[in-house]
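Undergrad: The following block contains the structure, expressed as structure tokens.
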Amino acid sequence: MSEEHYLELCENPVQFEHASSVNNVFFDEANKQVFAVRSGGATGVVVKGPDDKSSVAFRMDDKGEVKCIKFSIGNKILAVQRTLKSVDFINFIPDYPHTEFTQECKTKNASVLGFCWTNWNEIVFITDQGIEFYQVFPDKRSLKLLKSQSINVNWYQYCPETTVILLSTTVQGNVLQPFAFRNGTMCKMSKFEIELPVVPKPAKLSLSERDIAMATMEGACKKTHVLKLNTTGKFALNIVDNLVVVHHQSTQTSLIFDIKLKEPDSAVNMHQPVLPARSIHPYRIPLAGPAVVPSQPPVPCQLYSSSWSVFQPDIIISASEGYLWYLQVKLPPAVILLQDKGKLMDFLLRRRDCKMVILSVCSQSTSVCLLGLPVVATVFDKLNQVYKEYLEAEQTYTAVSLLNKRPVRTQAVIDQSDMYTHVLSSFTERKGVSHKFIIAVLMEYIRSLNQFQITVQHYLYELVIKTLVQHNLFYMLHQFLQYHVLSDSKPLACLLLSLESTYPPAHQLSLDMLKRLSTANDEIVEVLLSKQQVLGALRFIRSVGGHDNVSSRKFLDAARQTGDQMLFYTVFRSFQQRNQRLRGSPSFNPGEHCEEHVVHFKQLFGDQALMKPSTV
Amino acid sequence: YNSPAIIPGMQEKQYTPSLLNFFIYNPTFGPREGEEEKKILFYHPSDVEKNEKIRNVGLCEAIVQFTRTFCPTKPAKSLHTQKNRQFFFEPEDNFWIVMVVRNPMIEKPNKDGKPPTVEYQEEEILDTVYGAVVRECYSMYKLFNGTFGRAMEAGGVELLIQKLEKFFYRYLQTLHLQSCDLLDVFGGISFFPLDKMTYLKIQSFVNRVEESLSLIKYTAFLYNDQLIWSGLEQDDMRILYKYLTTSLFPRHSEPELAGRDSPLRPEVAGNLLHYGRFLTGPTNLKDPEAKFRFPKIFVSTEDGYEELHLIVYKAMSAAACFMISASVELTRDFCEQLDGLVGPQLTLLASDICEQFTVNRRISGPEKEPQFKFIYFNHMNLAEKSTIHMRKTASVCLTSVHPDLMKILGDINCDFARVDEDEEIIVKAMTDYWVVGKKSDQRELYVILNQKNANLIEVNEEVKRLCATQFNNIFFLD
């Protein structure tokens, strides 16, 4: 079972003093900071953030029970709410006066529900009668009202990433009014209504802040997506790695939803959980203090405890135990739990740290022949779809580099080299797998690349050839080459040449390939000369117009090696004629190093056979 | 080159070469005198008198023995006489196949009721062509029966005689000696031109079928009677291809063309219409009486040969041959499974290929009647291409040029066979045609140009142009 827990709490939680009668704990979602306020601050406030930089400790006067406490962005100004009417401020900027200053809400008879920092010096008060948007002047220890809006508010939620505040209005509380804040401006966005499953009569507040979670997710979700929970009770939401995690307290399990995963058979935005419900991976709390007795095992932590608070996107806080965890998604269990490999790929390709998991799935699907080629093909197609999209983005970027941002290469981009290194090369070596299947898989991958019009890398062809040669499947190789399935390249042509001794037709295949490349005329000449086809080489180089530039020595060497005197004569005369045409004299230049051939020619045919310089 | 003399006004009768005798013997089976008949395993025509059979076999034996004294490894391959030509072939140790072909002849009527004069044209037929025909006879026998030796092992001479009788009785009727030519020498395979992507799709199809129906050992894929993929080795494919294209496919396409036995038998399988049907085995799967027997073929393996069921399954113009070990008994279940799996996919592929094919044709533009005709053959992959031959039918293989020109092609081919070097031969035929033969490495190209007033240089240029347009993607020495 343990390998099926796909959710886990992070290993290094933020630790703080647990909540007690003398210690109040607060969490600021904007800065992800936990505040432990001892005795109203008099015996100390310890602020712990996600990293050490955002951690602070200080003291403040106990002026009553703290209701809410938050730093402005960058820990510049601390705001503390102790009453329903006002908020107190303390400067944390060095050299600025440290004395507290206070701001009462402007609206008469309104109570402050809370406040949100939208900038280092901009703050929004949310009261039951509306919102007030202030700018703070820490040097003057005063605030200036920038904007306000009257509206009945039940509760609010703040999304720090987008600086959007969502207000619950109307009696039932199900009409939500978002406001966006940016650089001193406030923007009222269009409101929307949450459908209530049952409309209560008489009307009463039916939607609570616990029912709503705001988070940023990759890609705009224009419509609400409906998550099918198939159960009832108390839920809490986290967003991790673009997945919606729904915790269900009574069953002590969680579900994950991938709102981008399309359900083939259901209505557009209905979502089933991706994986069956599982609890978070059991977690043990290491005993505090440096002098832990080694024999004492860590204490198991009670998961889904009622003292847990869940914050966006991925934070779980246990105030009673003094821990802040980040929730993490583990991908390997998904491989076991998700039988449909196509769906699994869709799921994995959208996860952050997916590369190695995907590659391991590929190794598995190829080695476990049980899955079958169609599944392997689907997996390849899905990978190459993402790969192609990236290549295209990269191409557009290079074409119009000024216009676009360089595309981000996510882990989901699995290229040919990844596949070669982690999957295919070891796969072809694997014992016990039929070579038929190995070749089928390689061809399937090449088919998939071709289908997405991705240029296949040479090393994949090499792998195919190596595998075919290893199993003596030369005729198969021949057919692949005949249909240009293995695209032409010089390295491939050379590889073929090297196969000639075991498979003679490789010679012809190689020459054809060199010919088609049209940039390999020198290589063709070399091949022909090595086969003692001197005349053929000569005729070829003449037909491509390279006759004037070739080394006469190379040809004469080859001609002499054949031992065919007439051939040597012909080649020799042909180069004399070339010399005559190019330089007006049939003799060879010293740089051509043909002296020994001239001597040889004279020995064979006599001085008089040499072409005489034409006397014009 | 000789052209048959044309004498106007005379009622001449021209006789094409024809099969006179065809026999198979093994001299070791009746070495003693009086037992000569035992040597004869097969004799066509069967109604020949016994002594004549023995005489003819004896003569061949003697010739082979006699010529062996000159060259023990290469005994005579053919014997030319005025009236006929004999071809000797020893496919297996001591087993000889002999084919006797009557030379073509012209019968000239004589005046005054005298019997007509017969003029034999001894030089008109080519050893290479008919030698190849004999070898092919054996290959075809071997494809369906295995070697002679195998029959001997299984059931002695009686079984061999029975098998030979059964096979050659029908096979010899399909030999059309009058239309044999250079293509028989090559015994090539016509490949279907295809783009890479469609080819890969076919690969994928073959692999998937072989995976889900793991009984299938080899697959071959053809379209329009042209080969696209062969899982068999080249030599086996060569003869199987010959059988498919000259015997099995024509047998089935003719009723199709005639409108009988319509292939449009939309079969509802998993909501998918498909046009798949078995060309071998059961004609109708639904028939409760259907037999699930398929022809068996023999193909070579690393250490001998293996016997396979040959399932040929066709959807529209695409045909897939599936080969399964003969030791497995094929059932209705299996055939239904194959039909359900392959039918829809093959139908889809066939229409894909067809679409691709028409797209390519549109790009290359309407086919103009070119000024030349050619035959191309590559010894390496057996690829053959001919614009001289019409589509083959079951009965005849038609050529669009005069037999004399075909003869010239055959002669050039013989010249090429004699030397290893690349060479080029240009011939001006009597009828104003130019015939050009080129040999480059393992490839041969024969071009017939119809340019009356062209000179040698122009013809050479024309052939160069042809190579550049038709064969630009292969290495062909100028």
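A note on labels: chains of the structure tokens are A, B, ... as shown, every chain counts residues from 1, and ligands are counted from 1 in their shown order.
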Determine, counting only C-alpha atoms, which protein, DNA and RNA residues have an atom within 7 Å of an atom of segment 450-457 of chain B; residues of the same chain fewer than 5 positions away are not included. Present the result as a ChimeraX atom specification.
TA: /B:371-372,432-434
Undergrad: Just the selected residues (N, CA, C and O atoms), exported as a short mmCIF file (atom, residue, chain, number, x, y, z; two decimals), in the first residue's frame, please.
TA:
```cif
data_model
loop_
_atom_site.label_atom_id
_atom_site.label_comp_id
_atom_site.auth_asym_id
_atom_site.auth_seq_id
_atom_site.Cartn_x
_atom_site.Cartn_y
_atom_site.Cartn_z
N GLN B 371 8.62 9.47 -75.21
CA GLN B 371 9.29 9.10 -76.46
C GLN B 371 10.07 7.81 -76.31
O GLN B 371 10.65 7.33 -77.25
N PHE B 372 10.08 7.29 -75.09
CA PHE B 372 10.90 6.10 -74.87
C PHE B 372 10.15 5.11 -73.99
O PHE B 372 9.19 5.45 -73.32
N ASP B 432 14.23 1.46 -87.25
CA ASP B 432 14.44 2.85 -86.86
C ASP B 432 14.45 3.10 -85.36
O ASP B 432 14.55 4.23 -84.91
N TYR B 433 14.29 2.05 -84.59
CA TYR B 433 14.37 2.23 -83.15
C TYR B 433 15.82 2.20 -82.71
O TYR B 433 16.65 1.52 -83.30
N TRP B 434 16.07 2.95 -81.64
CA TRP B 434 17.37 2.85 -80.97
C TRP B 434 17.16 2.05 -79.70
O TRP B 434 16.20 2.28 -78.96
#
```
Undergrad: Output as an mmCIF file with C-alpha atoms, in the first residue's frame all residues of segment 156-396 of chain B that backbone DSSP marks as helix (DSSP H, G or I).
TA:
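Just written: states.cif:
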```
data_model
loop_
_atom_site.group_PDB
_atom_site.id
_atom_site.type_symbol
_atom_site.label_atom_id
_atom_site.label_comp_id
_atom_site.auth_asym_id
_atom_site.auth_seq_id
_atom_site.Cartn_x
_atom_site.Cartn_y
_atom_site.Cartn_z
ATOM 1 C CA GLY B 156 9.840 -42.387 -51.632
ATOM 2 C CA VAL B 157 9.671 -42.211 -55.390
ATOM 3 C CA GLU B 158 5.935 -42.935 -55.427
ATOM 4 C CA LEU B 159 5.153 -39.808 -53.475
ATOM 5 C CA LEU B 160 7.540 -37.693 -55.528
ATOM 6 C CA ILE B 161 5.991 -38.910 -58.775
ATOM 7 C CA GLN B 162 2.555 -38.191 -57.389
ATOM 8 C CA LYS B 163 3.517 -34.695 -56.309
ATOM 9 C CA LEU B 164 5.227 -33.886 -59.595
ATOM 10 C CA GLU B 165 2.250 -35.148 -61.511
ATOM 11 C CA LYS B 166 -0.175 -33.126 -59.471
ATOM 12 C CA PHE B 167 1.818 -29.946 -59.620
ATOM 13 C CA PHE B 168 3.159 -29.887 -63.151
ATOM 14 C CA TYR B 169 0.020 -31.122 -64.813
ATOM 15 C CA ARG B 170 -1.605 -27.817 -64.014
ATOM 16 C CA TYR B 171 1.429 -25.636 -63.914
ATOM 17 C CA LEU B 172 2.631 -26.425 -67.416
ATOM 18 C CA GLN B 173 -0.706 -25.290 -68.794
ATOM 19 C CA THR B 174 -0.022 -21.836 -67.419
ATOM 20 C CA LEU B 177 6.435 -19.695 -73.733
ATOM 21 C CA GLN B 178 5.591 -17.339 -76.574
ATOM 22 C CA SER B 179 5.528 -14.350 -74.285
ATOM 23 C CA LEU B 182 13.820 -10.467 -70.458
ATOM 24 C CA LEU B 183 11.520 -10.049 -67.454
ATOM 25 C CA ASP B 184 11.593 -13.810 -66.934
ATOM 26 C CA VAL B 185 15.359 -13.640 -66.797
ATOM 27 C CA PHE B 186 15.184 -11.034 -64.073
ATOM 28 C CA LYS B 196 7.847 7.512 -45.906
ATOM 29 C CA MET B 197 4.939 8.218 -43.597
ATOM 30 C CA THR B 198 2.512 5.858 -45.282
ATOM 31 C CA TYR B 199 5.236 3.260 -45.389
ATOM 32 C CA LEU B 200 5.761 3.627 -41.650
ATOM 33 C CA LYS B 201 2.043 3.257 -41.094
ATOM 34 C CA ILE B 202 2.148 -0.021 -42.952
ATOM 35 C CA GLN B 203 5.109 -1.100 -40.863
ATOM 36 C CA SER B 204 3.167 -0.243 -37.764
ATOM 37 C CA PHE B 205 0.164 -2.185 -39.026
ATOM 38 C CA VAL B 206 2.241 -5.266 -39.792
ATOM 39 C CA ASN B 207 3.955 -5.131 -36.407
ATOM 40 C CA ARG B 208 0.697 -4.749 -34.548
ATOM 41 C CA VAL B 209 -0.995 -7.594 -36.347
ATOM 42 C CA GLU B 210 1.992 -9.848 -35.780
ATOM 43 C CA GLU B 211 1.919 -8.884 -32.149
ATOM 44 C CA SER B 212 -1.755 -9.507 -31.520
ATOM 45 C CA GLN B 234 14.353 -12.094 -50.787
ATOM 46 C CA ASP B 235 14.475 -15.350 -52.727
ATOM 47 C CA ASP B 236 11.353 -16.729 -51.119
ATOM 48 C CA MET B 237 9.580 -13.461 -51.694
ATOM 49 C CA ARG B 238 10.611 -13.476 -55.317
ATOM 50 C CA ILE B 239 8.815 -16.711 -56.070
ATOM 51 C CA LEU B 240 5.874 -15.995 -53.814
ATOM 52 C CA TYR B 241 5.510 -12.645 -55.550
ATOM 53 C CA LYS B 242 5.513 -14.404 -58.876
ATOM 54 C CA TYR B 243 2.772 -16.746 -57.691
ATOM 55 C CA LEU B 244 0.667 -13.947 -56.243
ATOM 56 C CA THR B 245 0.919 -11.635 -59.209
ATOM 57 C CA THR B 246 0.665 -14.102 -62.025
ATOM 58 C CA SER B 247 -1.659 -16.654 -60.537
ATOM 59 C CA LEU B 248 -3.561 -15.848 -57.360
ATOM 60 C CA PHE B 249 -4.376 -12.159 -57.863
ATOM 61 C CA PRO B 250 -5.388 -12.431 -61.523
ATOM 62 C CA ARG B 251 -7.642 -15.358 -60.651
ATOM 63 C CA HIS B 252 -9.460 -13.181 -58.180
ATOM 64 C CA SER B 253 -9.393 -9.885 -59.992
ATOM 65 C CA GLU B 254 -11.021 -11.160 -63.125
ATOM 66 C CA PRO B 255 -14.304 -12.063 -61.447
ATOM 67 C CA GLU B 256 -14.131 -8.691 -59.674
ATOM 68 C CA LEU B 257 -13.815 -6.884 -62.953
ATOM 69 C CA ALA B 258 -16.627 -8.904 -64.375
ATOM 70 C CA ARG B 332 -12.616 -20.745 -37.506
ATOM 71 C CA ASP B 333 -11.924 -18.752 -34.351
ATOM 72 C CA PHE B 334 -8.555 -17.660 -35.588
ATOM 73 C CA CYS B 335 -9.863 -16.675 -38.995
ATOM 74 C CA GLU B 336 -12.658 -14.672 -37.453
ATOM 75 C CA GLN B 337 -10.215 -12.968 -35.142
ATOM 76 C CA LEU B 338 -7.958 -12.145 -38.077
ATOM 77 C CA ASP B 339 -10.872 -10.905 -40.139
ATOM 78 C CA GLY B 340 -12.079 -8.691 -37.305
ATOM 79 C CA LEU B 341 -8.653 -7.255 -36.593
ATOM 80 C CA VAL B 342 -7.169 -6.938 -40.043
ATOM 81 C CA GLY B 343 -10.294 -6.142 -42.067
ATOM 82 C CA PRO B 344 -10.985 -2.650 -40.742
ATOM 83 C CA GLN B 345 -7.330 -1.649 -40.474
ATOM 84 C CA LEU B 346 -6.433 -2.883 -43.915
ATOM 85 C CA THR B 347 -9.444 -1.126 -45.419
ATOM 86 C CA LEU B 348 -8.322 2.102 -43.813
ATOM 87 C CA LEU B 349 -4.744 1.643 -44.957
ATOM 88 C CA ALA B 350 -5.847 0.817 -48.481
ATOM 89 C CA SER B 351 -7.783 4.032 -48.753
ATOM 90 C CA ASP B 352 -4.840 5.939 -47.214
ATOM 91 C CA ILE B 353 -2.466 4.536 -49.790
ATOM 92 C CA CYS B 354 -4.911 5.158 -52.577
ATOM 93 C CA GLU B 355 -5.256 8.775 -51.532
ATOM 94 C CA GLN B 356 -1.493 9.180 -51.302
ATOM 95 C CA PHE B 357 -1.126 7.592 -54.682
ATOM 96 C CA THR B 358 -3.581 9.926 -56.387
ATOM 97 C CA VAL B 359 -2.009 12.949 -54.697
ATOM 98 C CA ASN B 360 1.400 11.927 -56.023
ATOM 99 C CA ARG B 361 0.005 11.370 -59.461
ATOM 100 C CA ARG B 362 -1.583 14.782 -59.462
ATOM 101 C CA ILE B 363 1.721 16.379 -58.467
ATOM 102 C CA SER B 364 3.672 14.609 -61.172
#
```
Undergrad: Output as JSON lines one row per residue of chain A within 10 Å of chain B: the closest atom pair and its distance in Å to one decimal place, counting only C-alpha atoms, sorted by chain and residue number ascending.
TA:
```
{"residue": "A:Cys369", "atom": "CA", "partner": "B:Glu211", "partner_atom": "CA", "distance": 9.3}
{"residue": "A:Leu370", "atom": "CA", "partner": "B:Glu211", "partner_atom": "CA", "distance": 9.9}
{"residue": "A:Gly372", "atom": "CA", "partner": "B:Glu211", "partner_atom": "CA", "distance": 7.4}
{"residue": "A:Leu373", "atom": "CA", "partner": "B:Arg208", "partner_atom": "CA", "distance": 6.1}
{"residue": "A:Pro374", "atom": "CA", "partner": "B:Arg208", "partner_atom": "CA", "distance": 7.1}
{"residue": "A:Ala377", "atom": "CA", "partner": "B:Ser204", "partner_atom": "CA", "distance": 9.0}
{"residue": "A:Lys436", "atom": "CA", "partner": "B:Asn207", "partner_atom": "CA", "distance": 8.2}
{"residue": "A:Phe437", "atom": "CA", "partner": "B:Glu211", "partner_atom": "CA", "distance": 7.9}
{"residue": "A:Ile439", "atom": "CA", "partner": "B:Asn207", "partner_atom": "CA", "distance": 9.0}
{"residue": "A:Ala440", "atom": "CA", "partner": "B:Asn207", "partner_atom": "CA", "distance": 5.9}
{"residue": "A:Val441", "atom": "CA", "partner": "B:Asn207", "partner_atom": "CA", "distance": 8.9}
{"residue": "A:Met443", "atom": "CA", "partner": "B:Ser204", "partner_atom": "CA", "distance": 7.4}
{"residue": "A:Glu444", "atom": "CA", "partner": "B:Ser204", "partner_atom": "CA", "distance": 6.3}
{"residue": "A:Tyr445", "atom": "CA", "partner": "B:Ser204", "partner_atom": "CA", "distance": 10.0}
{"residue": "A:Ile446", "atom": "CA", "partner": "B:Leu200", "partner_atom": "CA", "distance": 8.1}
{"residue": "A:Arg447", "atom": "CA", "partner": "B:Leu200", "partner_atom": "CA", "distance": 5.6}
{"residue": "A:Ser448", "atom": "CA", "partner": "B:Leu200", "partner_atom": "CA", "distance": 9.0}
{"residue": "A:Leu449", "atom": "CA", "partner": "B:Met197", "partner_atom": "CA", "distance": 10.0}
{"residue": "A:Asn450", "atom": "CA", "partner": "B:Met197", "partner_atom": "CA", "distance": 6.6}
{"residue": "A:Gln451", "atom": "CA", "partner": "B:Met197", "partner_atom": "CA", "distance": 6.8}
{"residue": "A:Gln453", "atom": "CA", "partner": "B:Met197", "partner_atom": "CA", "distance": 9.5}
{"residue": "A:Leu473", "atom": "CA", "partner": "B:Glu233", "partner_atom": "CA", "distance": 8.9}
{"residue": "A:Phe474", "atom": "CA", "partner": "B:Glu233", "partner_atom": "CA", "distance": 9.1}
{"residue": "A:Tyr475", "atom": "CA", "partner": "B:Glu233", "partner_atom": "CA", "distance": 6.5}
{"residue": "A:Met476", "atom": "CA", "partner": "B:Gly231", "partner_atom": "CA", "distance": 7.1}
{"residue": "A:His478", "atom": "CA", "partner": "B:Asn381", "partner_atom": "CA", "distance": 7.6}
{"residue": "A:Gln479", "atom": "CA", "partner": "B:Trp229", "partner_atom": "CA", "distance": 7.3}
{"residue": "A:Phe480", "atom": "CA", "partner": "B:Tyr199", "partner_atom": "CA", "distance": 9.0}
{"residue": "A:Gln482", "atom": "CA", "partner": "B:Asn381", "partner_atom": "CA", "distance": 8.7}
{"residue": "A:Tyr483", "atom": "CA", "partner": "B:Lys196", "partner_atom": "CA", "distance": 6.3}
{"residue": "A:His484", "atom": "CA", "partner": "B:Lys196", "partner_atom": "CA", "distance": 6.4}
{"residue": "A:Val485", "atom": "CA", "partner": "B:Lys196", "partner_atom": "CA", "distance": 5.7}
{"residue": "A:Leu486", "atom": "CA", "partner": "B:Lys196", "partner_atom": "CA", "distance": 9.1}
{"residue": "A:Ser487", "atom": "CA", "partner": "B:Lys196", "partner_atom": "CA", "distance": 9.5}
{"residue": "A:Pro504", "atom": "CA", "partner": "B:Met380", "partner_atom": "CA", "distance": 8.7}
{"residue": "A:Pro505", "atom": "CA", "partner": "B:Met380", "partner_atom": "CA", "distance": 5.8}
{"residue": "A:Ala506", "atom": "CA", "partner": "B:Met380", "partner_atom": "CA", "distance": 9.1}
{"residue": "A:His507", "atom": "CA", "partner": "B:Asp441", "partner_atom": "CA", "distance": 9.7}
{"residue": "A:Gln508", "atom": "CA", "partner": "B:Asp441", "partner_atom": "CA", "distance": 7.7}
{"residue": "A:Leu509", "atom": "CA", "partner": "B:Ile474", "partner_atom": "CA", "distance": 8.5}
{"residue": "A:Ser510", "atom": "CA", "partner": "B:Phe475", "partner_atom": "CA", "distance": 9.2}
{"residue": "A:Leu511", "atom": "CA", "partner": "B:Phe475", "partner_atom": "CA", "distance": 6.0}
{"residue": "A:Asp512", "atom": "CA", "partner": "B:Ile474", "partner_atom": "CA", "distance": 4.5}
{"residue": "A:Met513", "atom": "CA", "partner": "B:Ile474", "partner_atom": "CA", "distance": 7.4}
{"residue": "A:Leu514", "atom": "CA", "partner": "B:Phe475", "partner_atom": "CA", "distance": 8.1}
{"residue": "A:Lys515", "atom": "CA", "partner": "B:Phe475", "partner_atom": "CA", "distance": 5.7}
{"residue": "A:Arg516", "atom": "CA", "partner": "B:Asn473", "partner_atom": "CA", "distance": 5.5}
{"residue": "A:Leu517", "atom": "CA", "partner": "B:Asn473", "partner_atom": "CA", "distance": 9.2}
{"residue": "A:Ser518", "atom": "CA", "partner": "B:Asn473", "partner_atom": "CA", "distance": 9.9}
{"residue": "A:Ile524", "atom": "CA", "partner": "B:Phe475", "partner_atom": "CA", "distance": 9.4}
{"residue": "A:Gln533", "atom": "CA", "partner": "B:Glu421", "partner_atom": "CA", "distance": 8.7}
{"residue": "A:Leu535", "atom": "CA", "partner": "B:Asp422", "partner_atom": "CA", "distance": 9.7}
{"residue": "A:Gly536", "atom": "CA", "partner": "B:Leu477", "partner_atom": "CA", "distance": 6.8}
{"residue": "A:Ala537", "atom": "CA", "partner": "B:Leu477", "partner_atom": "CA", "distance": 8.8}
{"residue": "A:Arg539", "atom": "CA", "partner": "B:Asp478", "partner_atom": "CA", "distance": 6.8}
{"residue": "A:Phe540", "atom": "CA", "partner": "B:Leu477", "partner_atom": "CA", "distance": 6.3}
{"residue": "A:Arg542", "atom": "CA", "partner": "B:Asp478", "partner_atom": "CA", "distance": 9.5}
{"residue": "A:Ser543", "atom": "CA", "partner": "B:Asp478", "partner_atom": "CA", "distance": 7.2}
```
Undergrad: To test your reading of the structure, identify every residue in segment 280-463 of chain A that backbone DSSP assigns to strand (DSSP E), and report it as a list in words.
TA: Arg284, Ile285, Val299, Pro300, Trp308, Ser309, Val310, Phe311, Ile315, Ile316, Ile317, Ser318, Tyr323, Leu324, Trp325, Tyr326, Leu327, Gln328 and Val329 of chain A
Undergrad: Write out the residues from the selection above, keeping N, CA and C atoms, as a CSV table (one decimal), in the first residue's frame.
TA:
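What landed in out_24.csv:
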```
chain,number,residue,atom,x,y,z
A,284,ARG,N,6.1,11.0,10.2
A,284,ARG,CA,6.6,10.9,11.5
A,284,ARG,C,7.3,12.2,11.9
A,285,ILE,N,6.9,12.7,13.1
A,285,ILE,CA,7.5,13.9,13.5
A,285,ILE,C,8.8,13.6,14.3
A,299,VAL,N,7.7,10.2,16.4
A,299,VAL,CA,6.3,9.9,16.7
A,299,VAL,C,5.5,10.1,15.4
A,300,PRO,N,4.5,9.1,15.2
A,300,PRO,CA,3.7,9.3,14.0
A,300,PRO,C,2.8,10.5,14.1
A,308,TRP,N,-5.7,20.9,11.9
A,308,TRP,CA,-5.0,21.3,10.6
A,308,TRP,C,-5.8,22.4,10.0
A,309,SER,N,-5.0,23.4,9.4
A,309,SER,CA,-5.6,24.4,8.6
A,309,SER,C,-4.9,24.3,7.2
A,310,VAL,N,-5.7,24.4,6.2
A,310,VAL,CA,-5.2,24.3,4.8
A,310,VAL,C,-5.1,25.6,4.2
A,311,PHE,N,-4.0,26.0,3.6
A,311,PHE,CA,-3.9,27.3,2.9
A,311,PHE,C,-3.4,27.1,1.5
A,315,ILE,N,-0.2,24.6,1.3
A,315,ILE,CA,0.2,24.7,2.7
A,315,ILE,C,-0.7,24.0,3.6
A,316,ILE,N,-0.2,23.2,4.5
A,316,ILE,CA,-1.0,22.6,5.6
A,316,ILE,C,-0.3,23.0,6.9
A,317,ILE,N,-1.1,23.5,7.8
A,317,ILE,CA,-0.5,24.0,9.1
A,317,ILE,C,-1.2,23.2,10.2
A,318,SER,N,-0.4,22.7,11.1
A,318,SER,CA,-0.9,22.1,12.3
A,318,SER,C,-0.5,23.1,13.4
A,323,TYR,N,3.7,23.0,13.2
A,323,TYR,CA,4.3,22.7,11.9
A,323,TYR,C,3.6,23.3,10.8
A,324,LEU,N,4.4,23.7,9.8
A,324,LEU,CA,3.9,24.1,8.5
A,324,LEU,C,4.5,23.3,7.4
A,325,TRP,N,3.7,22.5,6.7
A,325,TRP,CA,4.2,21.7,5.7
A,325,TRP,C,3.8,22.2,4.3
A,326,TYR,N,4.6,21.8,3.4
A,326,TYR,CA,4.1,22.0,2.0
A,326,TYR,C,3.7,20.6,1.5
A,327,LEU,N,2.6,20.6,0.9
A,327,LEU,CA,2.1,19.3,0.4
A,327,LEU,C,2.8,19.0,-1.0
A,328,GLN,N,3.1,17.8,-1.2
A,328,GLN,CA,3.8,17.4,-2.4
A,328,GLN,C,3.1,16.2,-3.1
A,329,VAL,N,3.2,16.2,-4.4
A,329,VAL,CA,2.6,15.1,-5.1
A,329,VAL,C,3.8,14.2,-5.6
```
Undergrad: Pick out the residues sitting within 7 Å of Leu145 of chain A, and hand them over as a list of chain:residue names; count only C-alpha atoms, and ignore anything fewer than 3 positions along from it in its own chain.
TA: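 Close residues of Leu145 of chain A: A:Phe133, A:Tyr134, A:Gln135.
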Undergrad: If you keep C-alpha atoms, can you produce a file of those selected residues as an mmCIF file, in the first residue's frame?
TA:
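Result went into again31.cif, see below:
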```cif
data_model
loop_
_atom_site.group_PDB
_atom_site.id
_atom_site.type_symbol
_atom_site.label_atom_id
_atom_site.label_comp_id
_atom_site.auth_asym_id
_atom_site.auth_seq_id
_atom_site.Cartn_x
_atom_site.Cartn_y
_atom_site.Cartn_z
ATOM 1 C CA PHE A 133 -7.832 50.975 0.034
ATOM 2 C CA TYR A 134 -4.988 52.873 1.736
ATOM 3 C CA GLN A 135 -1.483 53.965 1.034
#
```
